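Below you'll find the structure, written out as structure tokens, and then a few comments.
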Amino acid sequence: MKEALLYEKTEGKKVKCNLCAHRCKINPGKQGICKVRENIDGTLYTKVYGCTIARHIDPVEKKPLYHFYPGSSAFSIGTPGCNFHCDFCQNCEISQVVDERILQMGHPATPEEIVEEAIQSGSKSIAYTYSEPVIFFEYSYDIARLAHEKGLKNVYVSNGFMTAEMLDMIGPYLDAINIDLKAFKDETYRKLMGGRLEPVLNSLRKVAKTDIWLEVTSLIIPGVNDSPHELHEMAHFVSDELGTDVPWHISRFFPGYKMNDVPPTPMNTLLRAKQAGVDAGLNYIYVGNVPSAANQNTYCPHCNALLIERMGYTILSYNIENGRCPKCKTKIAVVD
């Protein structure tokens, strides 16, 4: 175990964790909501430092990041644990620490070893993903600093439930982030995720003001966040407060974890969400977890020329020249 960052010691050997927006107050011998940060005799420790439970080479499009070095590989890692407890979690086997034994299943790796593996894999970036990177912040922070020294980029795939202090600390080493906007009702966050909406919105607003490349994902779940009004609110938040060039990924829900009785999202609902994005003025809208390739292509927002043609996570053609549409010369929001 390693002593945690971003916490303060309080009376009676209690500690207050300032890593995520829960800001857990933890008694000696107890853990935070994430189950992977523990107060031992008045000192807060991270239990997952150097403990990778998933390590793969992925297309960066899988994060999903469609406008950040398209076609490149991301060396992707994750540890057990999460600060949310989503009923619809797609990685519940590793994110929901219900048994201490899962912490023993990880494969040890030092930050130096992770960076070297990423270099040897030919990846452009290291992605901190699969579970919530905020809860293995100390590990990702040490890796990210080394990665930058070696010319690698760093990517977070996050639920956005983090503190401003954490974002300020990782900011100099974080190059891109995809943040989930899971709903636009605080009640939904409290009931289905064990969190709150406003901290996520604040994280999105803060990132949008930095040089960190931002993309947003919304998993659309029938009966949860699929009303026309809520889709309108989500789309307008992205457009009005984050920017019309921020890519919005609309993702199809499939039954799983504690929501096996909820059917997959109908295609017409996803297209209604896409239209909400169009109406809000968003330039880049994608529909994921569906077979339709056209909804995953990138088009010029000015002349509608096909710029990036995709089949799943594979790029079939790339037609951006010097950051611009080759047909009408419109500047395209892409990092390449």
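Within each chain, counting starts at residue 1; across the structure tokens, chains are named A, B, ... in the order shown, with ligands numbered 1 upward in that order.
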| Which neighbours of A:Met259 fall inside 10 Å, counting only C-alpha atoms, when residues of the same chain fewer than 2 positions from it are skipped, and could you give them as an NGL selection string? | :A and (86-89 or 221 or 254-257 or 261-263)
| message | For the strand (DSSP E) assignment from backbone DSSP, which residues of stretch 48-246 of chain A qualify? Please present them as number ranges by chain. | response | A: 51-52, 54-59, 73-78, 107-108, 125-128, 153-158, 176-180, 213-220
The selected residues should be written to file as a PDB file, in the first residue's frame (atoms: C-alpha atoms).
ATOM      1  CA  CYS A  51      -2.258  -3.297  -8.917  1.00  0.00           C
ATOM      2  CA  THR A  52      -3.514  -3.561 -12.508  1.00  0.00           C
ATOM      3  CA  ALA A  54      -6.785  -5.038 -16.694  1.00  0.00           C
ATOM      4  CA  ARG A  55      -4.032  -4.188 -19.175  1.00  0.00           C
ATOM      5  CA  HIS A  56      -4.682  -4.098 -22.920  1.00  0.00           C
ATOM      6  CA  ILE A  57      -3.774  -2.320 -26.135  1.00  0.00           C
ATOM      7  CA  ASP A  58      -6.935  -0.656 -27.443  1.00  0.00           C
ATOM      8  CA  PRO A  59      -7.807   1.632 -30.327  1.00  0.00           C
ATOM      9  CA  SER A  73      -3.384   2.820 -30.038  1.00  0.00           C
ATOM     10  CA  ALA A  74      -3.866   3.483 -26.320  1.00  0.00           C
ATOM     11  CA  PHE A  75      -2.119   1.261 -23.793  1.00  0.00           C
ATOM     12  CA  SER A  76      -5.028   0.857 -21.385  1.00  0.00           C
ATOM     13  CA  ILE A  77      -4.895   0.000 -17.693  1.00  0.00           C
ATOM     14  CA  GLY A  78      -7.295  -0.193 -14.781  1.00  0.00           C
ATOM     15  CA  HIS A 107      -0.987  -7.990 -11.628  1.00  0.00           C
ATOM     16  CA  PRO A 108       1.722  -5.867  -9.999  1.00  0.00           C
ATOM     17  CA  SER A 125      -1.001   7.177 -25.270  1.00  0.00           C
ATOM     18  CA  ILE A 126      -1.710   5.531 -21.946  1.00  0.00           C
ATOM     19  CA  ALA A 127      -5.404   5.343 -21.075  1.00  0.00           C
ATOM     20  CA  TYR A 128      -6.559   5.038 -17.481  1.00  0.00           C
ATOM     21  CA  LYS A 153       0.072  11.139 -24.032  1.00  0.00           C
ATOM     22  CA  ASN A 154      -2.243  10.470 -21.089  1.00  0.00           C
ATOM     23  CA  VAL A 155      -5.978   9.819 -21.303  1.00  0.00           C
ATOM     24  CA  TYR A 156      -8.633   9.498 -18.584  1.00  0.00           C
ATOM     25  CA  VAL A 157     -11.977   7.766 -19.088  1.00  0.00           C
ATOM     26  CA  SER A 158     -13.944   9.030 -16.121  1.00  0.00           C
ATOM     27  CA  ALA A 176      -7.423  14.063 -23.072  1.00  0.00           C
ATOM     28  CA  ILE A 177     -10.442  12.904 -21.133  1.00  0.00           C
ATOM     29  CA  ASN A 178     -13.789  11.357 -21.905  1.00  0.00           C
ATOM     30  CA  ILE A 179     -16.306  12.117 -19.168  1.00  0.00           C
ATOM     31  CA  ASP A 180     -19.641  10.362 -18.784  1.00  0.00           C
ATOM     32  CA  TRP A 213      -9.023  17.517 -25.035  1.00  0.00           C
ATOM     33  CA  LEU A 214     -12.597  16.727 -23.973  1.00  0.00           C
ATOM     34  CA  GLU A 215     -15.212  14.331 -25.301  1.00  0.00           C
ATOM     35  CA  VAL A 216     -18.488  13.413 -23.564  1.00  0.00           C
ATOM     36  CA  THR A 217     -20.385  10.126 -23.445  1.00  0.00           C
ATOM     37  CA  SER A 218     -24.030   9.591 -22.484  1.00  0.00           C
ATOM     38  CA  LEU A 219     -25.383   6.062 -22.114  1.00  0.00           C
ATOM     39  CA  ILE A 220     -29.074   6.347 -22.953  1.00  0.00           C
TER      40      ILE A 220
END
| remark: One residue among A:Leu181, A:Gly50, A:Asp168, A:Pro28 is nearest to A:Gly106 when using only C-alpha atoms, and that residue is A:Gly50
May I have the residues within 12 Å of A:His302 as a PDB file with N, CA and C atoms, in the first residue's frame, using only C-alpha atoms and disregarding those fewer than 3 positions away in the same chain?
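Heads up, here's the output in result.pdb:
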ATOM      1  N   GLY A 281     -26.900  22.477 -31.869  1.00  0.00           N
ATOM      2  CA  GLY A 281     -25.786  23.064 -32.609  1.00  0.00           C
ATOM      3  C   GLY A 281     -24.473  22.328 -32.483  1.00  0.00           C
ATOM      4  N   LEU A 282     -24.505  21.101 -31.956  1.00  0.00           N
ATOM      5  CA  LEU A 282     -23.265  20.336 -31.824  1.00  0.00           C
ATOM      6  C   LEU A 282     -22.751  19.904 -33.200  1.00  0.00           C
ATOM      7  N   ASN A 283     -21.447  20.007 -33.385  1.00  0.00           N
ATOM      8  CA  ASN A 283     -20.852  19.704 -34.683  1.00  0.00           C
ATOM      9  C   ASN A 283     -20.492  18.239 -34.870  1.00  0.00           C
ATOM     10  N   TYR A 284     -20.271  17.536 -33.764  1.00  0.00           N
ATOM     11  CA  TYR A 284     -19.797  16.154 -33.870  1.00  0.00           C
ATOM     12  C   TYR A 284     -20.583  15.270 -32.896  1.00  0.00           C
ATOM     13  N   THR A 298     -17.114  10.778 -39.090  1.00  0.00           N
ATOM     14  CA  THR A 298     -16.943  12.209 -38.836  1.00  0.00           C
ATOM     15  C   THR A 298     -17.172  12.969 -40.133  1.00  0.00           C
ATOM     16  N   TYR A 299     -18.034  13.969 -40.079  1.00  0.00           N
ATOM     17  CA  TYR A 299     -18.350  14.779 -41.254  1.00  0.00           C
ATOM     18  C   TYR A 299     -17.985  16.242 -40.995  1.00  0.00           C
ATOM     19  N   ALA A 305     -18.774  17.035 -45.858  1.00  0.00           N
ATOM     20  CA  ALA A 305     -17.871  16.083 -46.497  1.00  0.00           C
ATOM     21  C   ALA A 305     -17.464  15.003 -45.501  1.00  0.00           C
ATOM     22  N   LEU A 306     -17.310  13.770 -45.988  1.00  0.00           N
ATOM     23  CA  LEU A 306     -16.882  12.668 -45.133  1.00  0.00           C
ATOM     24  C   LEU A 306     -15.397  12.836 -44.818  1.00  0.00           C
ATOM     25  N   LEU A 307     -15.084  13.000 -43.535  1.00  0.00           N
ATOM     26  CA  LEU A 307     -13.705  13.249 -43.138  1.00  0.00           C
ATOM     27  C   LEU A 307     -13.028  12.003 -42.568  1.00  0.00           C
ATOM     28  N   ARG A 324      -7.818  20.596 -41.376  1.00  0.00           N
ATOM     29  CA  ARG A 324      -8.935  21.233 -42.093  1.00  0.00           C
ATOM     30  C   ARG A 324      -9.619  20.264 -43.047  1.00  0.00           C
ATOM     31  N   CYS A 325     -10.855  20.591 -43.359  1.00  0.00           N
ATOM     32  CA  CYS A 325     -11.592  19.851 -44.376  1.00  0.00           C
ATOM     33  C   CYS A 325     -10.944  20.115 -45.736  1.00  0.00           C
ATOM     34  N   PRO A 326     -10.591  19.093 -46.474  1.00  0.00           N
ATOM     35  CA  PRO A 326      -9.927  19.314 -47.764  1.00  0.00           C
ATOM     36  C   PRO A 326     -10.837  19.940 -48.811  1.00  0.00           C
ATOM     37  N   LYS A 327     -12.154  19.850 -48.588  1.00  0.00           N
ATOM     38  CA  LYS A 327     -13.101  20.359 -49.576  1.00  0.00           C
ATOM     39  C   LYS A 327     -13.384  21.844 -49.392  1.00  0.00           C
ATOM     40  N   CYS A 328     -13.713  22.267 -48.150  1.00  0.00           N
ATOM     41  CA  CYS A 328     -14.105  23.663 -47.932  1.00  0.00           C
ATOM     42  C   CYS A 328     -13.134  24.425 -47.031  1.00  0.00           C
ATOM     43  N   LYS A 329     -12.091  23.714 -46.534  1.00  0.00           N
ATOM     44  CA  LYS A 329     -11.025  24.325 -45.713  1.00  0.00           C
ATOM     45  C   LYS A 329     -11.497  24.748 -44.316  1.00  0.00           C
ATOM     46  N   THR A 330     -12.670  24.274 -43.875  1.00  0.00           N
ATOM     47  CA  THR A 330     -13.125  24.551 -42.520  1.00  0.00           C
ATOM     48  C   THR A 330     -12.189  23.891 -41.519  1.00  0.00           C
ATOM     49  N   LYS A 331     -11.832  24.601 -40.456  1.00  0.00           N
ATOM     50  CA  LYS A 331     -10.980  24.030 -39.411  1.00  0.00           C
ATOM     51  C   LYS A 331     -11.773  22.974 -38.659  1.00  0.00           C
ATOM     52  N   ILE A 332     -11.185  21.806 -38.478  1.00  0.00           N
ATOM     53  CA  ILE A 332     -11.848  20.679 -37.825  1.00  0.00           C
ATOM     54  C   ILE A 332     -11.271  20.505 -36.420  1.00  0.00           C
TER      55      ILE A 332
END
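Distance check against A:Asp336 using only C-alpha atoms: of A:Ala164, A:Leu65, A:Leu270, A:Leu201, the minimum falls on A:Leu65.
Among A:Ser251, A:Thr210, A:Thr269, A:Thr110, the residue with the shortest atom-to-atom distance to A:Pro291, counting only C-alpha atoms, is A:Ser251.
Atom pair atom CA of A:Pro133 / atom CA of A:Cys82 has a distance of 8.2 Å (rounded to one decimal).
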Hey, what's within 10 Å of A:Val278 if we count only C-alpha atoms and toss same-chain stuff fewer than 6 positions away? As a PDB file with N, CA and C atoms, in the first residue's frame, please?
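Produced file result_6.pdb, reproduced below:
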ATOM      1  N   ALA A 235     -27.943  17.758 -24.307  1.00  0.00           N
ATOM      2  CA  ALA A 235     -27.351  18.275 -25.537  1.00  0.00           C
ATOM      3  C   ALA A 235     -27.027  19.760 -25.420  1.00  0.00           C
ATOM      4  N   HIS A 236     -27.940  20.516 -24.828  1.00  0.00           N
ATOM      5  CA  HIS A 236     -27.713  21.957 -24.705  1.00  0.00           C
ATOM      6  C   HIS A 236     -26.632  22.273 -23.676  1.00  0.00           C
ATOM      7  N   SER A 239     -23.400  21.763 -25.626  1.00  0.00           N
ATOM      8  CA  SER A 239     -23.229  22.823 -26.617  1.00  0.00           C
ATOM      9  C   SER A 239     -23.000  24.188 -25.986  1.00  0.00           C
ATOM     10  N   THR A 244     -19.571  23.827 -28.967  1.00  0.00           N
ATOM     11  CA  THR A 244     -20.181  23.089 -30.073  1.00  0.00           C
ATOM     12  C   THR A 244     -19.215  22.106 -30.734  1.00  0.00           C
ATOM     13  N   ARG A 272     -33.286  10.117 -31.770  1.00  0.00           N
ATOM     14  CA  ARG A 272     -33.896  11.299 -31.178  1.00  0.00           C
ATOM     15  C   ARG A 272     -32.859  12.075 -30.348  1.00  0.00           C
ATOM     16  N   TYR A 284     -20.271  17.536 -33.764  1.00  0.00           N
ATOM     17  CA  TYR A 284     -19.797  16.154 -33.870  1.00  0.00           C
ATOM     18  C   TYR A 284     -20.583  15.270 -32.896  1.00  0.00           C
ATOM     19  N   ILE A 285     -21.476  14.456 -33.445  1.00  0.00           N
ATOM     20  CA  ILE A 285     -22.345  13.598 -32.644  1.00  0.00           C
ATOM     21  C   ILE A 285     -22.201  12.165 -33.154  1.00  0.00           C
TER      22      ILE A 285
END
| request: Write out as a ChimeraX atom specification which residues come within 10 Å of A:Arg190 when counting only C-alpha atoms, dropping same-chain ones fewer than 4 positions away. | output: /A:84-86,185-186,194-197
| request: Rank A:Phe237, A:Tyr7, A:Tyr130, A:Tyr69 by their smallest atom-to-atom distance to A:Tyr318, using only C-alpha atoms, and report the top residue only. | output: A:Tyr69
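We find atom CA of A:Pro80 and atom CA of A:Ile53 to be spaced 6.4 Å apart.
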| A:Ala183, A:Thr265, A:Tyr49, A:Asn260: which is nearest A:Gln90, counting only C-alpha atoms? | A:Asn260
| request: Return as a PyMOL selection string the full set of residues in stretch 105-214 of chain A whose backbone-based DSSP assignment is helix (DSSP H, G or I). | output: chain A and resi 111-121+133-149+164-173+186-193+197-208
| Contact residues around A:Glu165 with only C-alpha atoms at 8 Å, ignoring same-chain residues under 5 positions, as a VMD selection string | chain A and resid 6 18 to 19
| Got a sec: who's within 12 Å of A:Val48, counting only C-alpha atoms, leaving out chain neighbours fewer than 4 positions off, as a ChimeraX atom specification? | /A:1-4,34-38,52-53,78-82,94-95,97,100,102-110,131-140
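Here atom CA of A:Arg252 stands at a distance of 22.8 Å from atom CA of A:Leu316.
Comparing the minimum interatomic distances between A:Val290 and each of A:Lys258, A:Phe253, A:Ile320, A:His232, counting only C-alpha atoms, we find that A:Phe253 sits nearest.
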